[in-house]
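Reproduced below: data-v3.cif, with mmCIF, C-alpha atoms.
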```
data_my_file
#
loop_
_atom_site.label_atom_id
_atom_site.label_comp_id
_atom_site.auth_asym_id
_atom_site.auth_seq_id
_atom_site.Cartn_x
_atom_site.Cartn_y
_atom_site.Cartn_z
CA MET A 1 -165.66 44.63 89.98
CA SER A 2 -168.89 45.79 91.61
CA GLY A 3 -169.27 49.22 93.19
CA PRO A 4 -169.37 48.33 96.91
CA PHE A 5 -166.59 45.76 96.45
CA ARG A 6 -164.40 48.36 94.77
CA THR A 7 -165.25 50.89 97.49
CA TRP A 8 -163.73 48.87 100.30
CA LEU A 9 -161.24 46.67 98.48
CA MET A 10 -159.31 49.27 96.50
CA PRO A 11 -158.24 51.34 99.53
CA VAL A 12 -157.10 48.14 101.23
CA LEU A 13 -155.03 47.11 98.20
CA LEU A 14 -153.47 50.54 97.84
CA ALA A 15 -152.95 51.15 101.56
CA PRO A 16 -149.32 49.97 101.85
CA VAL A 17 -148.19 52.21 99.00
CA LEU A 18 -150.16 55.22 100.18
CA VAL A 19 -148.89 54.89 103.72
CA GLN A 20 -145.24 54.19 103.02
CA ALA A 21 -144.40 56.00 99.80
CA ALA A 22 -144.49 59.71 99.12
CA THR A 23 -143.83 61.88 96.13
CA GLU A 24 -143.31 65.58 96.25
CA THR A 25 -142.28 68.33 93.93
CA GLY A 26 -141.14 71.88 94.48
CA ASN A 27 -138.28 74.25 93.87
CA ASP A 28 -134.76 73.44 94.97
CA PRO A 29 -133.78 75.97 97.66
CA GLU A 30 -130.25 76.36 96.30
CA THR A 31 -130.97 76.74 92.60
CA GLY A 32 -134.65 77.66 92.39
CA LEU A 33 -135.01 74.87 89.84
CA ARG A 34 -137.77 72.33 90.11
CA PHE A 35 -137.34 68.98 91.80
CA TRP A 36 -139.30 65.75 92.00
CA GLN A 37 -138.78 63.32 94.86
CA TRP A 38 -139.94 59.86 95.74
CA SER A 39 -139.36 58.37 99.14
CA GLU A 40 -140.36 55.26 101.00
CA GLY A 41 -139.18 54.65 104.54
CA GLY A 42 -135.69 56.09 104.57
CA VAL A 43 -134.99 55.53 100.86
CA SER A 44 -135.34 58.51 98.56
CA VAL A 45 -134.71 59.49 94.95
CA ARG A 46 -134.67 63.18 94.16
CA LEU A 47 -134.36 64.65 90.65
CA VAL A 48 -133.38 68.32 90.38
CA GLN A 49 -133.48 70.05 87.00
CA ARG A 50 -130.16 71.06 85.48
CA LEU A 51 -130.38 73.75 82.82
CA PRO A 52 -128.87 72.95 79.44
CA ASP A 53 -126.57 75.96 79.81
CA GLN A 54 -125.25 74.58 83.09
CA ILE A 55 -124.61 71.20 81.50
CA ARG A 56 -122.93 72.72 78.45
CA GLY A 57 -120.62 74.76 80.67
CA PHE A 58 -119.80 71.77 82.85
CA PHE A 59 -118.78 69.53 79.97
CA LEU A 60 -117.03 72.22 77.94
CA ALA A 61 -114.86 72.86 81.00
CA ARG A 62 -113.97 69.17 81.05
CA GLY A 63 -112.76 68.90 77.49
CA PHE A 64 -115.83 68.15 75.40
CA HIS A 65 -116.21 69.88 72.05
CA ALA A 66 -119.18 72.23 71.70
CA THR A 67 -121.26 69.82 69.60
CA GLU A 68 -120.88 66.96 72.06
CA ALA A 69 -121.47 69.16 75.10
CA ASP A 70 -124.62 70.50 73.46
CA HIS A 71 -125.81 66.97 72.69
CA ILE A 72 -125.65 66.02 76.37
CA ALA A 73 -127.08 69.36 77.49
CA ARG A 74 -130.21 68.97 75.35
CA ALA A 75 -130.82 65.34 76.39
CA CYS A 76 -132.87 66.15 79.55
CA VAL A 77 -130.44 66.01 82.45
CA PHE A 78 -131.28 65.98 86.15
CA GLN A 79 -129.04 66.01 89.18
CA THR A 80 -130.08 62.88 91.03
CA ILE A 81 -129.69 62.24 94.72
CA PHE A 82 -130.33 58.65 95.71
CA ARG A 83 -130.11 57.99 99.45
CA ASP A 84 -130.44 54.99 101.70
CA ASP A 85 -131.27 56.36 105.12
CA ASP A 86 -133.25 53.20 105.80
CA ASN A 87 -132.14 50.22 107.88
CA HIS A 88 -131.95 47.88 104.88
CA PRO A 89 -129.55 47.64 101.95
CA VAL A 90 -130.74 48.97 98.59
CA ASP A 91 -129.83 47.70 95.12
CA PHE A 92 -130.73 49.34 91.85
CA ASP A 93 -130.00 48.93 88.16
CA LEU A 94 -130.94 51.88 85.96
CA HIS A 95 -131.63 49.45 83.11
CA ASP A 96 -134.78 48.51 85.06
CA TRP A 97 -136.10 52.09 85.11
CA ARG A 98 -138.51 53.24 82.42
CA VAL A 99 -139.13 56.67 80.94
CA LEU A 100 -142.79 56.98 79.90
CA HIS A 101 -143.19 59.74 77.33
CA GLN A 102 -146.28 60.16 75.12
CA GLY A 103 -147.29 56.59 75.80
CA ALA A 104 -143.97 55.06 74.78
CA PRO A 105 -141.50 53.53 77.23
CA SER A 106 -137.75 54.00 76.82
CA GLY A 107 -134.63 53.64 78.95
CA LEU A 108 -132.29 56.13 80.54
CA ARG A 109 -129.00 56.96 78.85
CA VAL A 110 -126.52 55.35 81.18
CA ARG A 111 -122.73 55.35 81.36
CA GLU A 112 -122.34 52.41 78.99
CA ASP A 113 -124.53 54.08 76.34
CA TRP A 114 -122.29 57.14 76.30
CA ASP A 115 -119.15 54.98 76.16
CA ARG A 116 -120.55 53.34 73.04
CA ARG A 117 -121.61 56.64 71.51
CA TRP A 118 -118.22 58.26 71.85
CA PRO A 119 -115.35 55.77 71.53
CA ALA A 120 -111.96 56.68 72.93
CA ASP A 121 -110.68 58.28 69.73
CA MET A 122 -113.61 60.73 69.48
CA VAL A 123 -113.55 62.39 72.89
CA PRO A 124 -110.53 63.26 75.07
CA ARG A 125 -109.84 60.83 77.89
CA ALA A 126 -110.37 63.39 80.68
CA ALA A 127 -113.75 64.34 79.22
CA ARG A 128 -114.88 60.71 78.98
CA ILE A 129 -113.83 60.06 82.57
CA ALA A 130 -115.66 63.19 83.78
CA LEU A 131 -118.84 62.18 81.97
CA ARG A 132 -118.70 58.65 83.30
CA TRP A 133 -118.20 59.62 86.93
CA SER A 134 -120.62 62.54 86.90
CA LEU A 135 -123.48 60.20 85.94
CA LEU A 136 -125.44 58.25 88.51
CA PRO A 137 -123.95 54.73 88.63
CA THR A 138 -125.79 52.31 86.37
CA ARG A 139 -125.80 49.71 89.13
CA GLN A 140 -125.24 50.30 92.81
CA HIS A 141 -125.47 48.60 96.15
CA PHE A 142 -126.10 50.81 99.16
CA GLU A 143 -125.73 49.77 102.73
CA PRO A 144 -127.71 51.85 105.26
CA GLY A 145 -126.24 55.34 105.41
CA ASP A 146 -124.90 55.33 101.83
CA TYR A 147 -125.90 57.66 99.01
CA ASN A 148 -124.86 58.92 95.58
CA TRP A 149 -125.25 62.14 93.67
CA GLY A 150 -125.06 61.90 89.91
CA MET A 151 -126.66 63.13 86.75
CA SER A 152 -129.39 61.05 85.16
CA VAL A 153 -130.14 61.52 81.46
CA TYR A 154 -133.52 60.78 79.88
CA GLY A 155 -132.90 61.42 76.17
CA LEU A 156 -135.88 63.75 75.67
CA ALA A 157 -136.08 67.25 74.22
CA PRO A 158 -135.99 70.26 76.56
CA GLY A 159 -139.44 71.01 77.98
CA SER A 160 -140.72 67.44 77.48
CA HIS A 161 -142.87 65.88 80.18
CA PHE A 162 -142.53 62.27 81.27
CA ASP A 163 -143.29 59.81 84.04
CA LEU A 164 -140.45 57.84 85.57
CA HIS A 165 -141.03 54.24 86.57
CA LEU A 166 -138.52 53.39 89.30
CA MET A 167 -137.49 49.94 90.40
CA MET A 168 -135.13 48.89 93.17
CA HIS A 169 -134.69 46.24 95.84
CA ILE A 170 -134.94 47.33 99.45
CA GLY A 171 -133.80 44.65 101.86
CA GLY A 172 -134.16 42.13 99.04
CA GLN A 173 -137.79 43.14 98.37
CA GLN A 174 -138.58 44.50 94.91
CA VAL A 175 -140.11 47.97 95.08
CA GLU A 176 -141.61 49.80 92.11
CA ALA A 177 -142.94 53.32 91.99
CA LEU A 178 -144.01 56.03 89.58
CA LEU A 179 -142.72 59.58 89.72
CA PRO A 180 -145.28 61.42 87.58
CA ASP A 181 -145.16 64.41 85.25
CA ILE A 182 -141.50 65.34 85.41
CA GLU A 183 -140.51 68.23 83.16
CA CYS A 184 -137.20 68.24 81.31
CA PRO A 185 -135.38 71.53 81.92
CA ARG A 186 -136.00 74.10 79.22
CA ASP A 187 -133.23 75.62 77.16
CA GLY A 188 -132.38 79.33 77.35
CA ASP A 189 -134.22 80.18 74.15
CA GLN A 190 -137.44 78.55 75.31
CA PRO A 191 -140.29 80.48 76.96
CA MET B 1 -155.28 75.30 105.96
CA LYS B 2 -152.63 76.01 108.62
CA THR B 3 -152.08 72.31 109.01
CA ILE B 4 -151.58 71.90 105.26
CA SER B 5 -149.09 74.80 105.21
CA ARG B 6 -147.15 73.28 108.09
CA LEU B 7 -147.15 69.92 106.38
CA PHE B 8 -145.83 71.52 103.19
CA VAL B 9 -143.03 73.28 105.07
CA LEU B 10 -142.18 70.04 106.85
CA LEU B 11 -142.04 68.16 103.56
CA LEU B 12 -139.87 70.88 102.04
CA LEU B 13 -137.49 70.85 104.99
CA THR B 14 -137.37 67.07 104.84
CA GLY B 15 -136.39 67.37 101.19
CA ILE B 16 -133.62 69.83 101.98
CA VAL B 17 -132.30 67.62 104.74
CA LEU B 18 -132.47 64.52 102.56
CA ALA B 19 -130.50 66.26 99.83
CA GLN B 20 -127.78 67.80 101.94
CA GLU B 21 -127.22 65.53 104.91
CA PRO B 22 -124.05 63.45 104.92
CA GLY B 23 -124.36 59.69 105.03
CA ARG B 24 -123.83 57.76 108.21
CA GLY B 25 -121.67 54.96 109.48
CA LEU B 26 -119.11 52.66 107.91
CA THR B 27 -120.01 49.36 106.29
CA PRO B 28 -117.82 46.42 107.37
CA MET B 29 -116.33 44.65 104.34
CA GLU B 30 -117.22 40.98 104.39
CA GLY B 31 -114.16 38.72 104.52
CA ARG B 32 -111.81 41.70 104.66
CA PRO B 33 -110.39 41.30 101.13
CA GLU B 34 -106.87 42.52 100.40
CA ALA B 35 -106.80 46.13 99.23
CA PRO B 36 -105.66 46.39 95.58
CA ASP B 37 -102.19 47.92 95.53
CA PHE B 38 -101.52 51.11 93.62
CA THR B 39 -98.71 53.46 92.75
CA LEU B 40 -99.76 57.07 92.20
CA LEU B 41 -98.16 60.52 92.24
CA ASP B 42 -99.32 63.27 94.56
CA LEU B 43 -99.47 66.98 93.73
CA ASP B 44 -95.81 67.42 94.69
CA GLY B 45 -94.70 64.63 92.38
CA GLU B 46 -94.07 62.21 95.26
CA THR B 47 -94.84 58.56 94.61
CA HIS B 48 -97.22 56.70 96.94
CA HIS B 49 -97.39 52.89 96.99
CA LEU B 50 -100.22 51.59 99.10
CA ALA B 51 -98.02 48.64 100.09
CA ASP B 52 -95.54 51.05 101.71
CA TYR B 53 -98.16 51.88 104.34
CA ARG B 54 -98.42 48.30 105.59
CA GLY B 55 -98.59 48.40 109.41
CA LYS B 56 -100.74 51.54 109.39
CA VAL B 57 -104.43 52.23 109.09
CA VAL B 58 -105.05 53.96 105.75
CA ILE B 59 -108.15 55.92 104.77
CA VAL B 60 -108.48 55.97 100.97
CA ASN B 61 -110.97 58.49 99.58
CA PHE B 62 -111.92 58.57 95.87
CA TRP B 63 -113.20 61.98 94.83
CA ALA B 64 -113.28 64.73 92.17
CA THR B 65 -113.36 68.51 92.42
CA TRP B 66 -116.70 68.84 90.57
CA CYS B 67 -118.52 66.36 92.85
CA PRO B 68 -120.71 68.23 95.42
CA PRO B 69 -120.68 65.62 98.21
CA CYS B 70 -116.91 65.16 97.72
CA ARG B 71 -116.40 68.87 98.32
CA ALA B 72 -118.81 68.84 101.26
CA GLU B 73 -116.92 66.14 103.15
CA MET B 74 -113.42 67.53 102.56
CA PRO B 75 -113.36 69.87 105.61
CA SER B 76 -114.39 67.02 107.92
CA MET B 77 -111.72 64.79 106.37
CA GLN B 78 -109.13 67.44 107.13
CA ARG B 79 -110.38 67.73 110.73
CA ALA B 80 -110.35 63.94 111.12
CA TRP B 81 -106.81 63.78 109.77
CA GLU B 82 -105.68 66.43 112.26
CA LYS B 83 -107.05 64.22 115.04
CA LEU B 84 -105.67 60.95 113.68
CA ARG B 85 -102.34 61.79 112.06
CA ASN B 86 -100.36 61.50 115.29
CA GLN B 87 -101.92 58.12 115.95
CA GLY B 88 -100.39 56.59 112.85
CA VAL B 89 -103.41 56.90 110.57
CA VAL B 90 -102.70 57.76 106.92
CA MET B 91 -105.26 59.59 104.79
CA LEU B 92 -105.03 59.61 101.00
CA GLY B 93 -107.39 61.48 98.71
CA ILE B 94 -107.37 60.03 95.19
CA ASP B 95 -108.70 62.45 92.59
CA VAL B 96 -110.31 60.68 89.64
CA GLY B 97 -109.50 61.85 86.13
CA GLU B 98 -108.31 65.43 86.72
CA ASP B 99 -104.96 67.19 86.43
CA GLU B 100 -102.70 68.93 88.96
CA GLU B 101 -103.84 72.42 88.01
CA THR B 102 -107.52 71.63 88.60
CA VAL B 103 -106.79 70.14 92.02
CA PHE B 104 -104.48 73.03 92.97
CA GLN B 105 -107.28 75.48 92.18
CA PHE B 106 -109.63 73.42 94.35
CA LEU B 107 -107.21 73.71 97.28
CA ALA B 108 -107.59 77.48 97.30
CA ASP B 109 -111.18 77.02 98.48
CA TYR B 110 -110.77 73.75 100.35
CA PRO B 111 -107.37 73.71 102.02
CA VAL B 112 -106.43 70.16 102.98
CA GLU B 113 -103.01 68.99 104.11
CA PHE B 114 -103.19 65.23 103.63
CA PRO B 115 -101.76 63.86 100.36
CA LEU B 116 -103.91 64.19 97.26
CA LEU B 117 -103.01 61.65 94.58
CA LEU B 118 -103.94 61.72 90.91
CA ASP B 119 -105.63 58.76 89.22
CA ARG B 120 -105.55 60.42 85.81
CA ASP B 121 -106.72 57.43 83.76
CA SER B 122 -109.16 56.12 86.45
CA ARG B 123 -107.39 52.77 86.50
CA VAL B 124 -107.14 52.65 90.31
CA VAL B 125 -110.74 53.65 90.99
CA ASP B 126 -111.87 50.91 88.60
CA ALA B 127 -109.59 48.33 90.25
CA TRP B 128 -111.15 49.18 93.61
CA GLY B 129 -114.66 48.49 92.30
CA VAL B 130 -115.93 51.98 93.00
CA ARG B 131 -119.22 52.91 91.30
CA GLY B 132 -119.89 56.44 92.51
CA LEU B 133 -117.96 59.35 94.02
CA PRO B 134 -117.13 59.88 96.76
CA THR B 135 -116.39 56.40 98.01
CA THR B 136 -114.02 55.86 100.90
CA PHE B 137 -112.33 52.74 102.22
CA VAL B 138 -110.52 52.06 105.45
CA VAL B 139 -107.56 49.69 105.16
CA ASP B 140 -106.27 47.93 108.27
CA PRO B 141 -102.57 47.56 109.19
CA GLU B 142 -102.51 44.16 107.42
CA GLY B 143 -103.51 45.80 104.13
CA ARG B 144 -107.09 44.52 104.17
CA LEU B 145 -110.26 46.44 103.35
CA VAL B 146 -112.27 46.71 106.56
CA TYR B 147 -114.81 49.47 105.95
CA ARG B 148 -116.50 51.16 103.01
CA ALA B 149 -118.58 54.35 102.83
CA VAL B 150 -120.47 55.34 99.68
CA GLY B 151 -121.27 59.05 99.71
CA GLY B 152 -119.90 61.74 102.00
CA ARG B 153 -119.52 61.42 105.75
CA GLU B 154 -118.73 63.64 108.73
CA TRP B 155 -115.34 62.04 109.18
CA ASP B 156 -114.56 63.74 112.48
CA SER B 157 -117.74 62.46 114.16
CA PRO B 158 -116.93 60.48 117.32
CA ASP B 159 -118.33 57.16 116.07
CA LEU B 160 -116.24 57.20 112.89
CA LEU B 161 -113.06 58.26 114.71
CA GLU B 162 -113.64 55.52 117.25
CA ALA B 163 -114.13 52.85 114.57
CA ILE B 164 -110.86 53.89 112.91
CA ARG B 165 -108.88 54.06 116.17
CA ASP B 166 -110.22 50.63 117.14
CA LEU B 167 -108.26 49.10 114.26
CA TYR B 168 -105.10 49.63 116.30
CA ARG B 169 -106.50 47.86 119.38
#
```

File written out as structure tokens:
Amino acid sequence: MSGPFRTWLMPVLLAPVLVQAATETGNDPETGLRFWQWSEGGVSVRLVQRLPDQIRGFFLARGFHATEADHIARACVFQTIFRDDDNHPVDFDLHDWRVLHQGAPSGLRVREDWDRRWPADMVPRAARIALRWSLLPTRQHFEPGDYNWGMSVYGLAPGSHFDLHLMMHIGGQQVEALLPDIECPRDGDQP
Amino acid sequence: MKTISRLFVLLLLTGIVLAQEPGRGLTPMEGRPEAPDFTLLDLDGETHHLADYRGKVVIVNFWATWCPPCRAEMPSMQRAWEKLRNQGVVMLGIDVGEDEETVFQFLADYPVEFPLLLDRDSRVVDAWGVRGLPTTFVVDPEGRLVYRAVGGREWDSPDLLEAIRDLYR
């Protein structure tokens, strides 16, 4: 592509994304922990760090043994707030999302992955139910005004950095976006 | 520079609002499918069959004590119930996967008077096709699902109260 062509064409091609979509990062006012947010129109996805100690405590209180609670806690967990304040329905499937870490793509650890990891005889029923329902739904359909809170788990070591490739359908239209340079919460013993 | 600072504050406030605001409205359920029946115990050991409430509007809320938006909407559910209880509307909160003691402790901070039922093995929430908590359904007097709300709501807002009262007209 020649220089002048690139000069005028690229902004035109990128214009819809630049105008409609926004990413931001900052510190959550309630917890002081970092957040990353993507929004387009009235649809938004916000990831807020959850410290491994918080996650350990949460799952220990719900019947997990220490080893299992620690496994989840160190798997890069974010509180995730997915809202549809738009005027169109939104559909998503977390299997379509990609975690980009050190050049390699991988998937999120969703409810069904944890079910397979810990069959019914390994983890108490109440603990399994709590884990399942505390995670962001794997698939969801929002009508305007709907939203979910839930943990999302990325399977990376504390302190890792990654980009998150999002995909969803807004009003039947496929929308993809990149939420760049997200940092997994660090563990208590990390600087 | 001032403009950039203002923009940053605006973006931050937008983020706070996006994270904490309740959802809005009720989604009409296409075809008004029949609500799956259930039999569950409440905290006092009383049995509740959904079918026993035929002839009444029933609000069925699936929730858990550890779920932030579930906790956030509880006070407005209580206020809505205070406004609707004498008009024949039934409100049932169905806790997913927890025991009596956990829910009793929750009530110390969030006093609600409508019945709280226990879906200990999550069988009912699965049968209702719920994917995330909280999710609330409104059942009409014929036992059909008429509205659904995914995420918390301000249940005592005039538009929601009106939509629920309209089911008796």

Point-to-point distance in Å for CA of Thr138 (chain A) and CA of Arg186 (chain A):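 Distance reported for this atom pair: 25.1 Å.
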
At most 7 Å to chain A: residues in chain B, all atoms listed in the file, as a PyMOL selection string: chain B and resi 19+23-25+27+97-98+131-132+149-151

d(CA of Asp86 (chain A), CA of Glu154 (chain B)) in Å: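 Result for CA of Asp86 (chain A) versus CA of Glu154 (chain B): 18.1 Å, one decimal.
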
Result set, the PyMOL selection byres ((chain B and resi 115) around 7) on current file, as number ranges by chain: B: 42, 92-93, 113-114, 116-117

Residue with smallest distance to Leu166 (chain A) - pool A:Cys76, A:Leu131, A:Met151, A:Leu100, counting only C-alpha atoms: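 Ranked by minimum distance to Leu166 (chain A), first place goes to A:Leu100.
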
Spatial neighbours of region 49-59 of chain B, 12 Å, all atoms listed in the file, chain gap at least 6 places, as a count of residues only: 55

Residues selected by the PyMOL selection byres ((chain A and resi 56) around 8), written as a PDB file with C-alpha atoms, keeping the file's coordinate frame:
```pdb
ATOM      1  CA  PRO A  52    -128.870  72.950  79.440  1.00  0.00           C
ATOM      2  CA  ASP A  53    -126.570  75.960  79.810  1.00  0.00           C
ATOM      3  CA  GLN A  54    -125.250  74.580  83.090  1.00  0.00           C
ATOM      4  CA  ILE A  55    -124.610  71.200  81.500  1.00  0.00           C
ATOM      5  CA  GLY A  57    -120.620  74.760  80.670  1.00  0.00           C
ATOM      6  CA  PHE A  58    -119.800  71.770  82.850  1.00  0.00           C
ATOM      7  CA  PHE A  59    -118.780  69.530  79.970  1.00  0.00           C
ATOM      8  CA  LEU A  60    -117.030  72.220  77.940  1.00  0.00           C
ATOM      9  CA  ALA A  66    -119.180  72.230  71.700  1.00  0.00           C
ATOM     10  CA  ALA A  69    -121.470  69.160  75.100  1.00  0.00           C
ATOM     11  CA  ASP A  70    -124.620  70.500  73.460  1.00  0.00           C
ATOM     12  CA  ILE A  72    -125.650  66.020  76.370  1.00  0.00           C
ATOM     13  CA  ALA A  73    -127.080  69.360  77.490  1.00  0.00           C
TER      14      ALA A  73
END
```

For CA of Met167 (chain A) and CA of Asn87 (chain A), the interatomic separation in Å (one decimal):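 For CA of Met167 (chain A) relative to CA of Asn87 (chain A), the distance reads 18.3 Å.
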
Distance criterion (all atoms listed in the file): nearest to Val77 (chain A) out of A:Ala177, A:Ala120, A:Ile182, A:Leu94: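 Going through A:Ala177, A:Ala120, A:Ile182, A:Leu94 one by one, the smallest distance to Val77 (chain A) is for A:Ile182.
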
Local residues around (-142.1, 55.7, 78.2), at most 12 Å away, using all atoms listed in the file, as a list in words: Trp97, Arg98, Val99, Leu100, His101, Gln102, Gly103, Ala104, Pro105, Ser106, Gly107, Leu108, Tyr154, Gly155, Leu156, Ser160, His161, Phe162, Asp163, Leu164, His165, Leu166, Leu178, Pro180 and Asp181 of chain A
